[in-house]
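**Student:** Coordinates in coords-v5.cif, mmCIF, C-alpha atoms and all ligand atoms, are listed below.
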```
data_input
#
loop_
_atom_site.label_atom_id
_atom_site.label_comp_id
_atom_site.auth_asym_id
_atom_site.auth_seq_id
_atom_site.Cartn_x
_atom_site.Cartn_y
_atom_site.Cartn_z
CA MET A 1 100.32 49.76 114.71
CA THR A 2 96.92 49.78 112.97
CA HIS A 3 94.67 52.72 113.77
CA PRO A 4 91.94 54.16 111.53
CA ALA A 5 93.46 57.65 111.75
CA LYS A 6 97.03 56.57 110.93
CA PHE A 7 98.23 58.05 107.64
CA PRO A 8 99.13 55.38 105.07
CA ALA A 9 102.81 54.85 104.22
CA THR A 10 104.10 56.62 107.32
CA GLY A 11 105.66 53.79 109.31
CA MET A 12 108.84 54.75 111.20
CA PRO A 13 111.87 53.63 109.15
CA GLU A 14 114.48 51.26 110.65
CA SER A 15 116.93 53.30 112.68
CA ASP A 16 120.04 51.76 111.01
CA TRP A 17 119.48 53.52 107.68
CA TRP A 18 117.58 56.51 109.14
CA LYS A 19 120.72 57.46 111.10
CA VAL A 20 122.78 57.19 107.91
CA LEU A 21 120.34 59.41 106.00
CA TRP A 22 120.00 61.97 108.83
CA PRO A 23 123.39 61.95 110.60
CA ASP A 24 123.04 65.53 111.90
CA PRO A 25 119.37 66.27 112.72
CA GLU A 26 120.34 69.36 114.75
CA ASN A 27 121.85 70.98 111.67
CA VAL A 28 118.69 70.19 109.68
CA LEU A 29 116.58 71.90 112.33
CA ARG A 30 118.82 74.98 112.30
CA ARG A 31 118.55 75.14 108.50
CA LEU A 32 114.78 75.22 108.99
CA GLY A 33 115.19 78.36 111.09
CA ILE A 34 114.48 76.84 114.50
CA ASP A 35 116.26 78.84 117.15
CA PHE A 36 116.85 79.39 120.85
CA GLY A 37 113.77 80.16 122.92
CA VAL A 38 111.19 78.94 120.42
CA SER A 39 108.18 76.82 121.36
CA VAL A 40 108.11 73.90 118.87
CA LEU A 41 105.66 71.12 118.14
CA ASP A 42 107.19 68.04 116.48
CA LEU A 43 104.06 66.72 114.79
CA CYS A 44 104.19 62.98 114.00
CA CYS A 45 107.44 62.69 115.94
CA GLY A 46 107.98 58.94 115.51
CA ASP A 47 110.87 57.61 117.61
CA GLY A 48 112.14 61.12 118.39
CA HIS A 49 115.00 61.37 115.89
CA PHE A 50 114.29 65.10 115.50
CA THR A 51 112.55 65.68 118.84
CA VAL A 52 115.57 65.21 121.08
CA PRO A 53 117.85 67.58 119.10
CA LEU A 54 115.06 70.16 119.26
CA THR A 55 115.61 70.42 123.01
CA HIS A 56 119.29 71.30 122.43
CA ILE A 57 118.39 74.13 120.08
CA VAL A 58 115.49 75.77 121.91
CA GLY A 59 117.19 75.47 125.31
CA GLY A 60 115.60 76.17 128.68
CA MET A 61 113.76 79.25 127.41
CA GLY A 62 112.02 77.24 124.68
CA ARG A 63 109.47 74.48 124.80
CA VAL A 64 109.17 71.16 122.97
CA MET A 65 105.93 69.27 122.41
CA ALA A 66 105.82 66.00 120.50
CA VAL A 67 102.72 64.38 119.03
CA ASP A 68 102.30 60.89 117.64
CA LEU A 69 99.30 58.62 117.26
CA ASP A 70 101.28 55.50 118.08
CA PRO A 71 101.97 54.93 121.80
CA ALA A 72 104.84 52.54 120.95
CA MET A 73 106.57 55.35 119.02
CA LEU A 74 106.15 57.74 121.93
CA GLU A 75 107.68 55.14 124.27
CA LYS A 76 110.69 54.76 121.94
CA ALA A 77 111.05 58.53 121.75
CA LYS A 78 110.89 58.86 125.54
CA THR A 79 113.60 56.20 125.92
CA ARG A 80 115.77 58.02 123.38
CA ALA A 81 115.31 61.29 125.27
CA ALA A 82 116.18 59.67 128.60
CA LYS A 83 119.32 58.06 127.11
CA ALA A 84 120.36 61.44 125.69
CA GLY A 85 120.08 62.97 129.17
CA VAL A 86 117.12 65.21 128.36
CA THR A 87 115.64 66.43 131.64
CA ASN A 88 112.43 64.73 132.62
CA GLY A 89 109.57 67.02 131.67
CA ALA A 90 111.55 69.00 129.05
CA ILE A 91 109.43 67.42 126.32
CA ARG A 92 105.65 67.29 126.55
CA TRP A 93 104.61 63.96 124.93
CA ILE A 94 101.09 63.87 123.48
CA GLU A 95 99.33 60.84 122.02
CA CYS A 96 96.77 62.09 119.51
CA ASP A 97 95.76 62.34 115.87
CA ALA A 98 97.58 65.15 114.06
CA CYS A 99 94.27 66.10 112.44
CA SER A 100 92.59 66.66 115.83
CA LEU A 101 94.94 68.96 117.69
CA GLN A 102 92.29 71.28 118.99
CA ASP A 103 92.04 71.21 122.79
CA THR A 104 94.91 68.69 123.08
CA LEU A 105 97.93 71.00 123.05
CA PRO A 106 98.82 72.61 126.39
CA SER A 107 99.75 75.86 124.62
CA ALA A 108 99.97 77.32 121.11
CA PRO A 109 103.42 76.70 119.55
CA ASP A 110 105.54 79.24 117.63
CA TYR A 111 106.68 76.53 115.24
CA VAL A 112 105.32 73.24 113.90
CA LEU A 113 107.58 70.68 112.23
CA ILE A 114 106.14 67.86 110.12
CA ALA A 115 108.98 65.63 108.95
CA ASN A 116 108.60 62.68 106.60
CA THR A 117 104.85 62.32 107.10
CA PHE A 118 102.90 64.90 105.08
CA HIS A 119 103.05 62.76 101.90
CA GLY A 120 100.86 60.08 103.53
CA CYS A 121 98.08 62.27 104.89
CA PRO A 122 94.88 61.64 102.92
CA ASP A 123 93.49 65.16 103.55
CA LYS A 124 96.53 67.42 103.47
CA GLN A 125 94.57 70.65 103.45
CA GLN A 126 92.72 69.60 106.60
CA LEU A 127 96.05 68.86 108.29
CA ALA A 128 97.42 72.24 107.18
CA ARG A 129 94.28 73.95 108.54
CA GLU A 130 94.62 72.12 111.86
CA VAL A 131 98.21 73.34 112.15
CA PHE A 132 97.22 76.88 111.13
CA ASN A 133 94.62 76.98 113.90
CA ALA A 134 97.03 75.52 116.47
CA LEU A 135 99.87 77.99 115.78
CA LYS A 136 100.36 81.37 117.42
CA PRO A 137 99.82 84.36 115.09
CA GLY A 138 103.15 84.92 113.30
CA GLY A 139 104.09 81.26 113.82
CA LYS A 140 105.80 78.96 111.33
CA LEU A 141 105.17 75.57 109.71
CA ALA A 142 107.99 73.52 108.19
CA ILE A 143 107.36 70.39 106.14
CA VAL A 144 110.28 68.08 105.41
CA ASN A 145 109.59 65.85 102.41
CA TRP A 146 111.35 63.40 100.14
CA HIS A 147 111.95 64.99 96.75
CA HIS A 148 109.67 63.92 93.92
CA ARG A 149 112.20 61.46 92.52
CA PRO A 150 111.78 57.80 91.58
CA LYS A 151 112.16 55.60 94.67
CA GLU A 152 114.79 53.48 92.92
CA ASP A 153 117.02 56.60 92.74
CA THR A 154 116.91 57.32 96.48
CA THR A 155 119.08 54.58 97.90
CA VAL A 156 120.54 54.39 101.38
CA GLY A 157 122.81 51.47 102.28
CA GLY A 158 122.35 50.10 98.77
CA GLU A 159 118.52 49.82 99.02
CA PRO A 160 115.81 52.07 97.55
CA ARG A 161 114.24 53.93 100.50
CA GLY A 162 111.35 56.21 101.27
CA PRO A 163 107.73 56.41 100.15
CA GLU A 164 106.58 55.01 96.82
CA THR A 165 107.30 57.35 93.90
CA GLU A 166 103.63 58.24 93.34
CA LEU A 167 103.26 59.51 96.94
CA ARG A 168 106.16 61.96 96.69
CA MET A 169 105.41 65.65 96.36
CA THR A 170 107.10 68.59 94.70
CA PRO A 171 107.35 71.80 96.75
CA GLU A 172 104.71 73.27 94.40
CA ALA A 173 102.31 70.43 95.22
CA VAL A 174 102.81 71.14 98.94
CA MET A 175 102.08 74.85 98.33
CA ASP A 176 98.84 73.91 96.53
CA GLU A 177 97.66 72.22 99.74
CA VAL A 178 99.02 74.65 102.34
CA LEU A 179 98.58 78.15 100.88
CA PRO A 180 94.75 77.98 100.58
CA VAL A 181 94.36 77.74 104.37
CA GLY A 182 96.05 81.13 104.88
CA PHE A 183 99.79 80.41 105.19
CA ILE A 184 102.36 82.52 103.33
CA LEU A 185 105.38 80.91 101.70
CA HIS A 186 108.57 81.63 103.66
CA GLY A 187 111.09 79.62 101.65
CA VAL A 188 112.45 76.28 100.52
CA VAL A 189 115.78 74.76 101.59
CA GLU A 190 117.60 71.77 100.17
CA LEU A 191 118.28 68.98 102.67
CA PRO A 192 120.61 66.66 100.77
CA PRO A 193 120.75 64.03 99.59
CA TYR A 194 117.04 63.42 98.97
CA HIS A 195 114.91 65.93 100.88
CA TYR A 196 113.75 69.52 100.92
CA GLY A 197 112.21 71.62 103.68
CA ILE A 198 109.44 74.05 102.85
CA MET A 199 108.55 76.77 105.35
CA PHE A 200 105.40 78.81 105.73
CA ASP A 201 104.38 81.76 107.93
CA LYS A 202 101.05 82.25 109.60
CA PRO A 203 100.27 85.97 109.29
CA LYS A 204 100.52 87.98 112.52
CA VAL A 205 97.01 89.26 111.94
CA SER A 206 94.54 87.01 110.12
C1 LIG A 301 107.80 58.21 108.91
S1 LIG A 301 107.53 58.49 110.64
C2 LIG A 301 108.41 60.03 110.78
C3 LIG A 301 108.89 60.31 112.18
C4 LIG A 301 109.71 61.58 112.37
N1 LIG A 301 108.95 62.76 112.03
C5 LIG A 301 111.00 61.54 111.58
O1 LIG A 301 111.07 62.19 110.53
O2 LIG A 301 111.97 60.89 112.03
C6 LIG A 301 105.81 59.00 110.68
C7 LIG A 301 105.16 59.01 112.06
O3 LIG A 301 103.85 59.60 111.91
C8 LIG A 301 102.97 58.96 112.82
N2 LIG A 301 101.59 59.17 112.37
C9 LIG A 301 100.97 58.63 111.29
N3 LIG A 301 99.71 59.07 111.21
C10 LIG A 301 99.52 59.92 112.26
C11 LIG A 301 98.42 60.70 112.70
N4 LIG A 301 97.25 60.69 112.07
N5 LIG A 301 98.58 61.47 113.79
C12 LIG A 301 99.77 61.49 114.49
N6 LIG A 301 100.84 60.75 114.11
C13 LIG A 301 100.72 59.98 113.01
C14 LIG A 301 103.41 57.49 112.78
O4 LIG A 301 102.97 56.80 113.94
C15 LIG A 301 104.94 57.64 112.69
O5 LIG A 301 105.54 57.59 113.95
#
```
Mind turning the file's structure into structure tokens?
**Tutor:**
Amino acid sequence: MTHPAKFPATGMPESDWWKVLWPDPENVLRRLGIDFGVSVLDLCCGDGHFTVPLTHIVGGMGRVMAVDLDPAMLEKAKTRAAKAGVTNGAIRWIECDACSLQDTLPSAPDYVLIANTFHGCPDKQQLAREVFNALKPGGKLAIVNWHHRPKEDTTVGGEPRGPETELRMTPEAVMDEVLPVGFILHGVVELPPYHYGIMFDKPKVS
């Protein structure tokens, strides 16, 4: 899809190797501290690889919203959810630009997940600010990124995968973009073989 607001280098990977790289998305989400009863926004959800497992974790007391700019991705994600037996209406699908969330979300989430997309956003601080404003006070942001390693070293199925080396970010580079908008660093977890997750808190009182 071509759209002026689409972040460069953020096309959805082919599902054959994505499934090999992320065989247990539910475990990844738990490692990021997502828990029962939480209201989560999967921002830039793609084909729903992480969205559907979110529903299993948050359960009936939680809430899942999923945003993507690309209607074809949202259709794929909806099909995946239906095949997985997710109840109709359990996920609120929203087609919009991640940098223009204001007035588009039905409610403020407790948690925002941005997986495999932050590296491509041209104005990362603006995106972080948009998320900060969308979150409830005391809410959390988690960014899942490829490690800052040469692309030729991150092979899956014998092929180099992921964004070009120069687009990859260290956790410190992410902090440089996210902390100035008011977030507080919560922690960093390793997500082997090639990723890390970095978590931030929005203060309860700002
Ligand atoms: C690499 S995929 C990652 C999908 C998913 N988060 C995952 O990790 O499996 C990036 C997704 O971001 C979406 N995207 C790119 N720019 C966007 C924007 N400005 N607003 C909302 N979604 C966007 C793309 O359409 C694509 O589906």
**Student:** Using only C-alpha atoms, find each residue of segment 1-80 of chain A with at least one atom at most 12 Å away from an atom of segment 188-197 of chain A; report its shortest atom-to-atom pair and that distance in Å (one decimal), sort the rows by chain and rising residue number, and return the result as a Markdown table.
**Tutor:**
```
| residue | atom | partner | partner_atom | distance |
| --- | --- | --- | --- | --- |
| A:Val20 | CA | A:Pro193 | CA | 11.0 |
| A:Leu21 | CA | A:Pro193 | CA | 7.9 |
| A:Trp22 | CA | A:Pro192 | CA | 9.3 |
| A:Pro23 | CA | A:Pro192 | CA | 11.2 |
| A:Asp24 | CA | A:Leu191 | CA | 10.9 |
| A:Pro25 | CA | A:Leu191 | CA | 10.5 |
| A:Asn27 | CA | A:Leu191 | CA | 9.9 |
| A:Val28 | CA | A:Leu191 | CA | 7.1 |
| A:Leu29 | CA | A:Gly197 | CA | 9.7 |
| A:Arg30 | CA | A:Val189 | CA | 11.1 |
| A:Arg31 | CA | A:Val189 | CA | 7.5 |
| A:Leu32 | CA | A:Gly197 | CA | 6.9 |
| A:Gly33 | CA | A:Val189 | CA | 10.2 |
```
**Student:** Give me the residues near Gly139 of chain A as a PyMOL selection string, where near means some atom within 7 Å (using all atoms listed in the file) and where sequence neighbours in that chain fewer than 3 positions away do not count.
**Tutor:** chain A and resi 110-111+135-136+201-202
**Student:** Please produce an output containing C-alpha atoms for each residue in the selection, written as a PDB file, in the frame of the given file.
**Tutor:**
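After the write, out.pdb holds the following:
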```pdb
ATOM      1  CA  ASP A 110     105.540  79.240 117.630  1.00  0.00           C
ATOM      2  CA  TYR A 111     106.680  76.530 115.240  1.00  0.00           C
ATOM      3  CA  LEU A 135      99.870  77.990 115.780  1.00  0.00           C
ATOM      4  CA  LYS A 136     100.360  81.370 117.420  1.00  0.00           C
ATOM      5  CA  ASP A 201     104.380  81.760 107.930  1.00  0.00           C
ATOM      6  CA  LYS A 202     101.050  82.250 109.600  1.00  0.00           C
TER       7      LYS A 202
END
```
**Student:** Using all atoms listed in the file, which of A:Ala128, A:Val156, A:Cys99, A:Ile198 sits nearest ligand LIG 301 (chain A)?
**Tutor:** A:Cys99
**Student:** Report, in Å with one decimal, the straight-line distance from atom CA of Thr2 of chain A to atom CA of Gln126 of chain A.
**Tutor:**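 Result for atom CA of Thr2 of chain A versus atom CA of Gln126 of chain A: 21.2 Å, one decimal.
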**Student:** Neighbouring residues of Arg80 of chain A were defined as those with any atom within 8 Å, considering all atoms listed in the file; residues of the same chain fewer than 3 positions away were excluded. Please report them as a list in words.
**Tutor:**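 Contacts, in chain order: Asp47, Gly48, Val52, Lys76, Ala77, Lys83 and Ala84 of chain A.
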**Student:** Box for ligand LIG 301 (chain A) - axis-aligned, 6 Å on each of the six sides, all listed atoms - centre and size in Å to one decimal, as AutoDock Vina command-line options.
**Tutor:**
```
--center_x 104.6 --center_y 59.8 --center_z 111.7 --size_x 26.7 --size_y 18.0 --size_z 17.6
```
**Student:** Atom CA of Pro53 of chain A to atom CA of Ile94 of chain A: how many Å, to one decimal?
**Tutor:** 17.7 Å
**Student:** Find the residues of chain A that sit at most 6 Å from ligand LIG 301 (chain A); for each, write down the nearest two atoms and how far apart they are in Å, to one decimal. Count all atoms listed in the file. Sort by chain, then by number going up, and give it as JSON lines.
**Tutor:**
```
{"residue": "A:Ala5", "atom": "CA", "partner": "A:LIG301", "partner_atom": "N4", "distance": 4.9}
{"residue": "A:Lys6", "atom": "CA", "partner": "A:LIG301", "partner_atom": "N3", "distance": 3.7}
{"residue": "A:Phe7", "atom": "CA", "partner": "A:LIG301", "partner_atom": "N3", "distance": 4.0}
{"residue": "A:Thr10", "atom": "CA", "partner": "A:LIG301", "partner_atom": "C1", "distance": 4.3}
{"residue": "A:Gly11", "atom": "CA", "partner": "A:LIG301", "partner_atom": "C1", "distance": 4.9}
{"residue": "A:Met12", "atom": "CA", "partner": "A:LIG301", "partner_atom": "S1", "distance": 4.0}
{"residue": "A:Cys44", "atom": "CA", "partner": "A:LIG301", "partner_atom": "O3", "distance": 4.0}
{"residue": "A:Cys45", "atom": "CA", "partner": "A:LIG301", "partner_atom": "N1", "distance": 4.2}
{"residue": "A:Gly46", "atom": "CA", "partner": "A:LIG301", "partner_atom": "O5", "distance": 3.2}
{"residue": "A:His49", "atom": "CA", "partner": "A:LIG301", "partner_atom": "O2", "distance": 4.9}
{"residue": "A:Phe50", "atom": "CA", "partner": "A:LIG301", "partner_atom": "O2", "distance": 5.9}
{"residue": "A:Asp68", "atom": "CA", "partner": "A:LIG301", "partner_atom": "N6", "distance": 3.8}
{"residue": "A:Leu69", "atom": "CA", "partner": "A:LIG301", "partner_atom": "C12", "distance": 4.0}
{"residue": "A:Asp70", "atom": "CA", "partner": "A:LIG301", "partner_atom": "O4", "distance": 4.7}
{"residue": "A:Met73", "atom": "CA", "partner": "A:LIG301", "partner_atom": "O5", "distance": 5.6}
{"residue": "A:Cys96", "atom": "CA", "partner": "A:LIG301", "partner_atom": "C12", "distance": 5.9}
{"residue": "A:Asp97", "atom": "CA", "partner": "A:LIG301", "partner_atom": "N5", "distance": 3.6}
{"residue": "A:Ala98", "atom": "CA", "partner": "A:LIG301", "partner_atom": "N5", "distance": 3.8}
{"residue": "A:Ala115", "atom": "CA", "partner": "A:LIG301", "partner_atom": "N1", "distance": 4.2}
{"residue": "A:Asn116", "atom": "CA", "partner": "A:LIG301", "partner_atom": "O1", "distance": 4.7}
{"residue": "A:Thr117", "atom": "CA", "partner": "A:LIG301", "partner_atom": "C6", "distance": 5.0}
```
**Student:** Save out the residues we just selected, C-alpha atoms, as a CSV table (one decimal), keeping the file's coordinate frame.
**Tutor:**
```csv
chain,number,residue,atom,x,y,z
A,5,ALA,CA,93.5,57.6,111.8
A,6,LYS,CA,97.0,56.6,110.9
A,7,PHE,CA,98.2,58.0,107.6
A,10,THR,CA,104.1,56.6,107.3
A,11,GLY,CA,105.7,53.8,109.3
A,12,MET,CA,108.8,54.8,111.2
A,44,CYS,CA,104.2,63.0,114.0
A,45,CYS,CA,107.4,62.7,115.9
A,46,GLY,CA,108.0,58.9,115.5
A,49,HIS,CA,115.0,61.4,115.9
A,50,PHE,CA,114.3,65.1,115.5
A,68,ASP,CA,102.3,60.9,117.6
A,69,LEU,CA,99.3,58.6,117.3
A,70,ASP,CA,101.3,55.5,118.1
A,73,MET,CA,106.6,55.4,119.0
A,96,CYS,CA,96.8,62.1,119.5
A,97,ASP,CA,95.8,62.3,115.9
A,98,ALA,CA,97.6,65.2,114.1
A,115,ALA,CA,109.0,65.6,109.0
A,116,ASN,CA,108.6,62.7,106.6
A,117,THR,CA,104.8,62.3,107.1
```
**Student:** For a test of reading the model, state the distance in Å between atom CA of His119 of chain A and atom CA of Pro163 of chain A, rounded to one decimal.
**Tutor:**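 Separation of atom CA of His119 of chain A and atom CA of Pro163 of chain A: 8.1 Å.
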**Student:** Which residue, A:Val181, A:Cys121, A:Met65, A:Met199, has the smallest gap to Arg168 of chain A when you use only C-alpha atoms?
**Tutor:** A:Cys121
**Student:** Can you pull out the residues contacting Ala66 of chain A? Cut-off 8 Å, using all atoms listed in the file, and skip same-chain residues under 6 positions away; I want them as a list in words.
**Tutor:**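 My list of contacting residues is Leu41, Asp42, Leu43, Cys44, Cys45, Thr51, Ile91, Arg92, Trp93 and Ile94 of chain A.
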**Student:** Determine the nearest neighbour of Gln102 of chain A from the options A:Val67, A:Val131, A:Leu74, A:Val86, counting only C-alpha atoms.
**Tutor:**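 Looking only at the distances to Gln102 of chain A, the closest residue turns out to be A:Val131.
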**Student:** Can you patch up segment 150-167 of chain A, filling it in to N, CA and C atoms, and show the result as a CSV table (one decimal), in the coordinates of the input?
**Tutor:**
```
chain,number,residue,atom,x,y,z
A,150,PRO,N,112.1,59.2,91.5
A,150,PRO,CA,111.8,57.8,91.6
A,150,PRO,C,112.4,57.1,92.8
A,151,LYS,N,111.7,56.3,93.5
A,151,LYS,CA,112.2,55.6,94.7
A,151,LYS,C,113.5,54.8,94.4
A,152,GLU,N,113.6,54.3,93.2
A,152,GLU,CA,114.8,53.5,92.9
A,152,GLU,C,116.1,54.4,92.9
A,153,ASP,N,115.9,55.7,92.8
A,153,ASP,CA,117.0,56.6,92.7
A,153,ASP,C,117.4,57.1,94.1
A,154,THR,N,116.6,56.8,95.1
A,154,THR,CA,116.9,57.3,96.5
A,154,THR,C,117.3,56.1,97.4
A,155,THR,N,118.6,55.7,97.2
A,155,THR,CA,119.1,54.6,97.9
A,155,THR,C,119.8,55.0,99.2
A,156,VAL,N,119.7,54.2,100.2
A,156,VAL,CA,120.5,54.4,101.4
A,156,VAL,C,121.0,53.0,101.8
A,157,GLY,N,122.3,52.8,102.0
A,157,GLY,CA,122.8,51.5,102.3
A,157,GLY,C,122.5,50.5,101.2
A,158,GLY,N,122.5,51.0,99.9
A,158,GLY,CA,122.4,50.1,98.8
A,158,GLY,C,120.9,49.7,98.5
A,159,GLU,N,119.9,50.2,99.2
A,159,GLU,CA,118.5,49.8,99.0
A,159,GLU,C,117.7,51.1,98.7
A,160,PRO,N,116.7,50.9,97.8
A,160,PRO,CA,115.8,52.1,97.6
A,160,PRO,C,115.0,52.3,98.8
A,161,ARG,N,114.9,53.6,99.2
A,161,ARG,CA,114.2,53.9,100.5
A,161,ARG,C,113.2,55.0,100.3
A,162,GLY,N,112.3,55.1,101.3
A,162,GLY,CA,111.4,56.2,101.3
A,162,GLY,C,110.0,55.8,100.7
A,163,PRO,N,109.1,56.7,100.7
A,163,PRO,CA,107.7,56.4,100.2
A,163,PRO,C,107.8,56.0,98.7
A,164,GLU,N,106.7,55.4,98.2
A,164,GLU,CA,106.6,55.0,96.8
A,164,GLU,C,106.6,56.3,96.0
A,165,THR,N,107.1,56.2,94.8
A,165,THR,CA,107.3,57.4,93.9
A,165,THR,C,106.0,58.2,93.8
A,166,GLU,N,104.9,57.5,93.6
A,166,GLU,CA,103.6,58.2,93.3
A,166,GLU,C,103.1,59.0,94.5
A,167,LEU,N,103.7,58.8,95.7
A,167,LEU,CA,103.3,59.5,96.9
A,167,LEU,C,104.1,60.8,97.1
```
